[in-house]
Amino acid sequence: MYVGTRQSPSQEAVLTLKPDLILLGYGGEQALYLNFSKIAPTLPLSHSDRHWQDDLLTLGRVTHREQQAQQVIQDYNKRMTDAKEKFKALRGKQLLLLSISGLDSIEVFTEETFAGNLLEDLGFKLVLPKLPVRCGAIPISLKLLPQIEAEIVIVMASADSTVAQIQKL
């Protein structure tokens with residue numbers, strides 16, 4: 001069942017599901033928290049994908065699976081150590097991380113997104129335009145892209161778009 005977006009969840013849709021626990025992403029607005037906490041216990045998560053490990057530990061505690069949450073983080077850290085070794089020649093390189101769902105919807109992802117945080121953890125330096133940030137992403141026009149200097153550019157298909165569709169753009 002569709003319950004809306006992270007920014008605009010449907011309280012009515014959530015109410016029909018009769019949840020035992022509601023996870024409110026990105027910390028949630030106070031009004032959202034108050035409304036959803038009337039439906040079921042509501043757990044606001046951090047304002048950023050960057051803090052996923054803290055959120056996972058919190059979820060582990062409230063679901064009595066703290067050991068499993070800690071194990072996931074330990075496994076991640078081990079894989080990151082291995083990956084950092086493989087990418088050490090690229091450490092410090094200027095990287096532009098683009099999320100594209102069409103020519104009219106291009107965003108530069110920051111370190112506040114999971115992908116951006118992962119790339120920074122690997123040692124890359126994210127290149128960001130000096131534009132307003134919205135939920136870990138910076139909307140940008142195709143016209144401004146050539147002005148951004150980066151040694152590496154990663155383009156991700158997002159929303160309902162596919163890699164094949166983006167390649168045709």
# chains A, B, ... in the order shown; residues from 1 in each chain; ligands from 1
$ select_by_dssp --residues "chain A" --states "strand (DSSP E or B)" --output "PyMOL selection string"
chain A and resi 4+9+22-24+42-44+94-102+105-109+125-126+134+137-140+152-157
$ write_last_selection --atoms "C-alpha atoms" --output "short mmCIF file (atom, residue, chain, number, x, y, z; two decimals), in the first residue's frame"
data_model
loop_
_atom_site.label_atom_id
_atom_site.label_comp_id
_atom_site.auth_asym_id
_atom_site.auth_seq_id
_atom_site.Cartn_x
_atom_site.Cartn_y
_atom_site.Cartn_z
CA GLY A 4 3.12 8.74 0.63
CA PRO A 9 3.48 10.62 4.43
CA ILE A 22 6.27 3.69 12.96
CA LEU A 23 9.72 4.74 11.78
CA LEU A 24 9.77 8.43 10.96
CA THR A 42 6.84 6.30 16.68
CA LEU A 43 10.60 6.34 16.40
CA PRO A 44 12.15 9.37 14.71
CA GLN A 94 37.46 14.88 -6.73
CA LEU A 95 34.20 13.02 -7.41
CA LEU A 96 30.86 14.33 -8.69
CA LEU A 97 27.92 12.09 -7.76
CA LEU A 98 24.89 12.74 -9.97
CA SER A 99 21.40 11.38 -9.56
CA ILE A 100 19.37 11.69 -12.74
CA SER A 101 15.76 10.83 -13.41
CA GLY A 102 15.53 12.97 -16.57
CA SER A 105 15.65 16.34 -12.73
CA ILE A 106 19.37 16.24 -12.04
CA GLU A 107 20.76 16.35 -8.52
CA VAL A 108 24.24 16.31 -7.04
CA PHE A 109 24.29 13.99 -4.04
CA LYS A 125 36.28 14.03 -2.02
CA LEU A 126 32.78 14.95 -3.15
CA ARG A 134 17.57 19.80 -0.23
CA ALA A 137 20.87 16.58 -2.72
CA ILE A 138 21.50 19.72 -4.72
CA PRO A 139 19.19 20.25 -7.71
CA ILE A 140 21.23 21.43 -10.70
CA ILE A 152 35.52 11.29 -11.58
CA VAL A 153 31.80 11.51 -12.33
CA ILE A 154 29.34 8.84 -11.23
CA VAL A 155 25.86 9.00 -12.74
CA MET A 156 23.06 7.11 -11.02
CA ALA A 157 19.59 6.53 -12.43
#
$ residues_around --residues "region 54-59 of chain A" --least-positions-apart "4" --cutoff "8 Å" --atoms "only C-alpha atoms" --output "PDB file with N, CA and C atoms, in the first residue's frame"
ATOM      1  N   LEU A  45      13.998   8.885  13.233  1.00  0.00           N
ATOM      2  CA  LEU A  45      15.375   8.534  12.900  1.00  0.00           C
ATOM      3  C   LEU A  45      16.157   9.802  12.599  1.00  0.00           C
ATOM      4  N   SER A  46      17.434   9.663  12.339  1.00  0.00           N
ATOM      5  CA  SER A  46      18.288  10.830  12.135  1.00  0.00           C
ATOM      6  C   SER A  46      17.897  11.598  10.885  1.00  0.00           C
ATOM      7  N   THR A  63      13.931  -3.367  18.847  1.00  0.00           N
ATOM      8  CA  THR A  63      13.404  -4.651  18.370  1.00  0.00           C
ATOM      9  C   THR A  63      14.102  -5.834  19.038  1.00  0.00           C
ATOM     10  N   ARG A  65      17.216  -6.692  18.900  1.00  0.00           N
ATOM     11  CA  ARG A  65      18.150  -7.328  17.971  1.00  0.00           C
ATOM     12  C   ARG A  65      19.443  -6.517  17.893  1.00  0.00           C
ATOM     13  N   GLU A  66      19.874  -6.050  19.035  1.00  0.00           N
ATOM     14  CA  GLU A  66      21.062  -5.195  19.070  1.00  0.00           C
ATOM     15  C   GLU A  66      22.316  -5.929  18.586  1.00  0.00           C
ATOM     16  N   ALA A  69      22.326  -6.017  14.846  1.00  0.00           N
ATOM     17  CA  ALA A  69      22.645  -4.683  14.323  1.00  0.00           C
ATOM     18  C   ALA A  69      24.151  -4.423  14.433  1.00  0.00           C
ATOM     19  N   GLN A  70      24.734  -4.770  15.554  1.00  0.00           N
ATOM     20  CA  GLN A  70      26.181  -4.588  15.728  1.00  0.00           C
ATOM     21  C   GLN A  70      26.965  -5.445  14.742  1.00  0.00           C
TER      22      GLN A  70
END
$ select_by_dssp --residues "region 17-167 of chain A" --states "alpha helix (DSSP H)" --output "VMD selection string"
chain A and resid 17 30 to 37 52 to 62 66 to 86 114 to 121 163 to 167
$ residues_around --residues "Gln147 (chain A)" --least-positions-apart "6" --cutoff "12 Å" --atoms "only C-alpha atoms" --output "ChimeraX atom specification"
/A:96,127-130,140-141
$ closest_atom_pairs --of "region 117-141 of chain A" --to "region 81-90 of chain A" --cutoff "9 Å" --atoms "only C-alpha atoms" --output "tab-separated table"
residue	atom	partner	partner_atom	distance
A:Asp121	CA	A:Lys84	CA	8.1
A:Leu122	CA	A:Lys84	CA	5.2
A:Gly123	CA	A:Lys84	CA	7.1
A:Phe124	CA	A:Leu90	CA	7.1
$ write_last_selection --atoms "N, CA and C atoms" --output "CSV table (one decimal), in the first residue's frame"
chain,number,residue,atom,x,y,z
A,121,ASP,N,33.6,7.7,2.7
A,121,ASP,CA,34.2,6.7,3.6
A,121,ASP,C,35.3,6.0,2.8
A,122,LEU,N,35.1,5.8,1.5
A,122,LEU,CA,36.1,5.2,0.7
A,122,LEU,C,37.3,6.1,0.4
A,123,GLY,N,37.2,7.4,0.7
A,123,GLY,CA,38.3,8.3,0.5
A,123,GLY,C,38.2,9.3,-0.6
A,124,PHE,N,37.1,9.3,-1.3
A,124,PHE,CA,36.9,10.3,-2.3
A,124,PHE,C,36.5,11.6,-1.7
$ decode --residues "region 55-101 of chain A" --atoms "N, CA and C atoms" --output "mmCIF file, in the first residue's frame"
data_model
loop_
_atom_site.group_PDB
_atom_site.id
_atom_site.type_symbol
_atom_site.label_atom_id
_atom_site.label_comp_id
_atom_site.auth_asym_id
_atom_site.auth_seq_id
_atom_site.Cartn_x
_atom_site.Cartn_y
_atom_site.Cartn_z
ATOM 1 N N ASP A 55 21.125 4.849 13.534
ATOM 2 C CA ASP A 55 19.724 4.458 13.373
ATOM 3 C C ASP A 55 19.564 2.944 13.476
ATOM 4 N N LEU A 56 20.497 2.206 12.889
ATOM 5 C CA LEU A 56 20.426 0.746 12.949
ATOM 6 C C LEU A 56 20.567 0.240 14.391
ATOM 7 N N LEU A 57 21.480 0.833 15.137
ATOM 8 C CA LEU A 57 21.632 0.436 16.549
ATOM 9 C C LEU A 57 20.368 0.762 17.349
ATOM 10 N N THR A 58 19.756 1.910 17.062
ATOM 11 C CA THR A 58 18.507 2.269 17.735
ATOM 12 C C THR A 58 17.415 1.253 17.404
ATOM 13 N N LEU A 59 17.302 0.915 16.121
ATOM 14 C CA LEU A 59 16.319 -0.101 15.723
ATOM 15 C C LEU A 59 16.619 -1.444 16.376
ATOM 16 N N GLY A 60 17.891 -1.791 16.455
ATOM 17 C CA GLY A 60 18.281 -3.036 17.114
ATOM 18 C C GLY A 60 17.841 -3.065 18.569
ATOM 19 N N ARG A 61 18.009 -1.931 19.246
ATOM 20 C CA ARG A 61 17.595 -1.861 20.656
ATOM 21 C C ARG A 61 16.087 -2.018 20.808
ATOM 22 N N VAL A 62 15.308 -1.283 20.002
ATOM 23 C CA VAL A 62 13.854 -1.324 20.185
ATOM 24 C C VAL A 62 13.240 -2.630 19.711
ATOM 25 N N THR A 63 13.931 -3.367 18.847
ATOM 26 C CA THR A 63 13.404 -4.651 18.370
ATOM 27 C C THR A 63 14.102 -5.834 19.038
ATOM 28 N N HIS A 64 14.930 -5.541 20.030
ATOM 29 C CA HIS A 64 15.670 -6.571 20.770
ATOM 30 C C HIS A 64 16.589 -7.374 19.852
ATOM 31 N N ARG A 65 17.216 -6.692 18.900
ATOM 32 C CA ARG A 65 18.150 -7.328 17.971
ATOM 33 C C ARG A 65 19.443 -6.517 17.893
ATOM 34 N N GLU A 66 19.874 -6.050 19.035
ATOM 35 C CA GLU A 66 21.062 -5.195 19.070
ATOM 36 C C GLU A 66 22.316 -5.929 18.586
ATOM 37 N N GLN A 67 22.432 -7.215 18.945
ATOM 38 C CA GLN A 67 23.600 -7.984 18.496
ATOM 39 C C GLN A 67 23.643 -8.091 16.981
ATOM 40 N N GLN A 68 22.500 -8.342 16.365
ATOM 41 C CA GLN A 68 22.453 -8.446 14.910
ATOM 42 C C GLN A 68 22.812 -7.101 14.269
ATOM 43 N N ALA A 69 22.326 -6.017 14.846
ATOM 44 C CA ALA A 69 22.645 -4.683 14.323
ATOM 45 C C ALA A 69 24.151 -4.423 14.433
ATOM 46 N N GLN A 70 24.734 -4.770 15.554
ATOM 47 C CA GLN A 70 26.181 -4.588 15.728
ATOM 48 C C GLN A 70 26.965 -5.445 14.742
ATOM 49 N N GLN A 71 26.476 -6.646 14.463
ATOM 50 C CA GLN A 71 27.154 -7.524 13.516
ATOM 51 C C GLN A 71 27.120 -6.947 12.094
ATOM 52 N N VAL A 72 25.980 -6.380 11.719
ATOM 53 C CA VAL A 72 25.868 -5.754 10.396
ATOM 54 C C VAL A 72 26.886 -4.619 10.274
ATOM 55 N N ILE A 73 27.025 -3.821 11.315
ATOM 56 C CA ILE A 73 27.975 -2.706 11.295
ATOM 57 C C ILE A 73 29.408 -3.219 11.254
ATOM 58 N N GLN A 74 29.709 -4.252 12.000
ATOM 59 C CA GLN A 74 31.057 -4.832 11.963
ATOM 60 C C GLN A 74 31.380 -5.380 10.577
ATOM 61 N N ASP A 75 30.419 -6.069 9.958
ATOM 62 C CA ASP A 75 30.613 -6.600 8.605
ATOM 63 C C ASP A 75 30.841 -5.462 7.606
ATOM 64 N N TYR A 76 30.061 -4.405 7.743
ATOM 65 C CA TYR A 76 30.215 -3.232 6.879
ATOM 66 C C TYR A 76 31.619 -2.639 7.034
ATOM 67 N N ASN A 77 32.043 -2.458 8.271
ATOM 68 C CA ASN A 77 33.368 -1.872 8.526
ATOM 69 C C ASN A 77 34.481 -2.737 7.935
ATOM 70 N N LYS A 78 34.331 -4.033 8.011
ATOM 71 C CA LYS A 78 35.335 -4.938 7.427
ATOM 72 C C LYS A 78 35.369 -4.784 5.914
ATOM 73 N N ARG A 79 34.181 -4.762 5.302
ATOM 74 C CA ARG A 79 34.128 -4.594 3.846
ATOM 75 C C ARG A 79 34.679 -3.235 3.427
ATOM 76 N N MET A 80 34.435 -2.208 4.247
ATOM 77 C CA MET A 80 34.963 -0.875 3.932
ATOM 78 C C MET A 80 36.484 -0.872 4.012
ATOM 79 N N THR A 81 37.041 -1.546 4.989
ATOM 80 C CA THR A 81 38.503 -1.633 5.105
ATOM 81 C C THR A 81 39.085 -2.299 3.864
ATOM 82 N N ASP A 82 38.473 -3.387 3.426
ATOM 83 C CA ASP A 82 38.928 -4.084 2.222
ATOM 84 C C ASP A 82 38.785 -3.193 0.984
ATOM 85 N N ALA A 83 37.658 -2.510 0.865
ATOM 86 C CA ALA A 83 37.411 -1.654 -0.295
ATOM 87 C C ALA A 83 38.360 -0.458 -0.317
ATOM 88 N N LYS A 84 38.640 0.121 0.847
ATOM 89 C CA LYS A 84 39.574 1.254 0.908
ATOM 90 C C LYS A 84 40.945 0.850 0.381
ATOM 91 N N GLU A 85 41.346 -0.357 0.679
ATOM 92 C CA GLU A 85 42.633 -0.846 0.191
ATOM 93 C C GLU A 85 42.606 -0.939 -1.336
ATOM 94 N N LYS A 86 41.500 -1.439 -1.887
ATOM 95 C CA LYS A 86 41.392 -1.569 -3.345
ATOM 96 C C LYS A 86 41.335 -0.209 -4.045
ATOM 97 N N PHE A 87 40.756 0.793 -3.392
ATOM 98 C CA PHE A 87 40.604 2.119 -3.978
ATOM 99 C C PHE A 87 41.683 3.110 -3.539
ATOM 100 N N LYS A 88 42.728 2.644 -2.875
ATOM 101 C CA LYS A 88 43.696 3.577 -2.288
ATOM 102 C C LYS A 88 44.352 4.476 -3.329
ATOM 103 N N ALA A 89 44.513 4.014 -4.561
ATOM 104 C CA ALA A 89 45.115 4.846 -5.607
ATOM 105 C C ALA A 89 44.201 6.017 -5.988
ATOM 106 N N LEU A 90 42.926 5.901 -5.688
ATOM 107 C CA LEU A 90 41.970 6.961 -6.023
ATOM 108 C C LEU A 90 41.632 7.855 -4.828
ATOM 109 N N ARG A 91 42.203 7.553 -3.679
ATOM 110 C CA ARG A 91 41.907 8.310 -2.457
ATOM 111 C C ARG A 91 42.176 9.797 -2.671
ATOM 112 N N GLY A 92 41.220 10.628 -2.288
ATOM 113 C CA GLY A 92 41.354 12.079 -2.403
ATOM 114 C C GLY A 92 40.929 12.638 -3.752
ATOM 115 N N LYS A 93 40.565 11.785 -4.698
ATOM 116 C CA LYS A 93 40.136 12.262 -6.014
ATOM 117 C C LYS A 93 38.819 13.027 -5.887
ATOM 118 N N GLN A 94 38.674 14.068 -6.696
ATOM 119 C CA GLN A 94 37.459 14.879 -6.733
ATOM 120 C C GLN A 94 36.381 14.109 -7.489
ATOM 121 N N LEU A 95 35.246 13.847 -6.835
ATOM 122 C CA LEU A 95 34.197 13.018 -7.414
ATOM 123 C C LEU A 95 32.873 13.771 -7.418
ATOM 124 N N LEU A 96 32.187 13.740 -8.552
ATOM 125 C CA LEU A 96 30.862 14.329 -8.687
ATOM 126 C C LEU A 96 29.865 13.175 -8.751
ATOM 127 N N LEU A 97 28.917 13.158 -7.837
ATOM 128 C CA LEU A 97 27.915 12.092 -7.761
ATOM 129 C C LEU A 97 26.569 12.652 -8.199
ATOM 130 N N LEU A 98 26.138 12.234 -9.389
ATOM 131 C CA LEU A 98 24.888 12.737 -9.965
ATOM 132 C C LEU A 98 23.779 11.700 -9.862
ATOM 133 N N SER A 99 22.605 12.189 -9.553
ATOM 134 C CA SER A 99 21.397 11.375 -9.558
ATOM 135 C C SER A 99 20.488 11.972 -10.622
ATOM 136 N N ILE A 100 20.144 11.168 -11.627
ATOM 137 C CA ILE A 100 19.371 11.691 -12.745
ATOM 138 C C ILE A 100 18.119 10.841 -12.959
ATOM 139 N N SER A 101 16.984 11.525 -13.038
ATOM 140 C CA SER A 101 15.757 10.825 -13.414
ATOM 141 C C SER A 101 15.208 11.402 -14.711
#
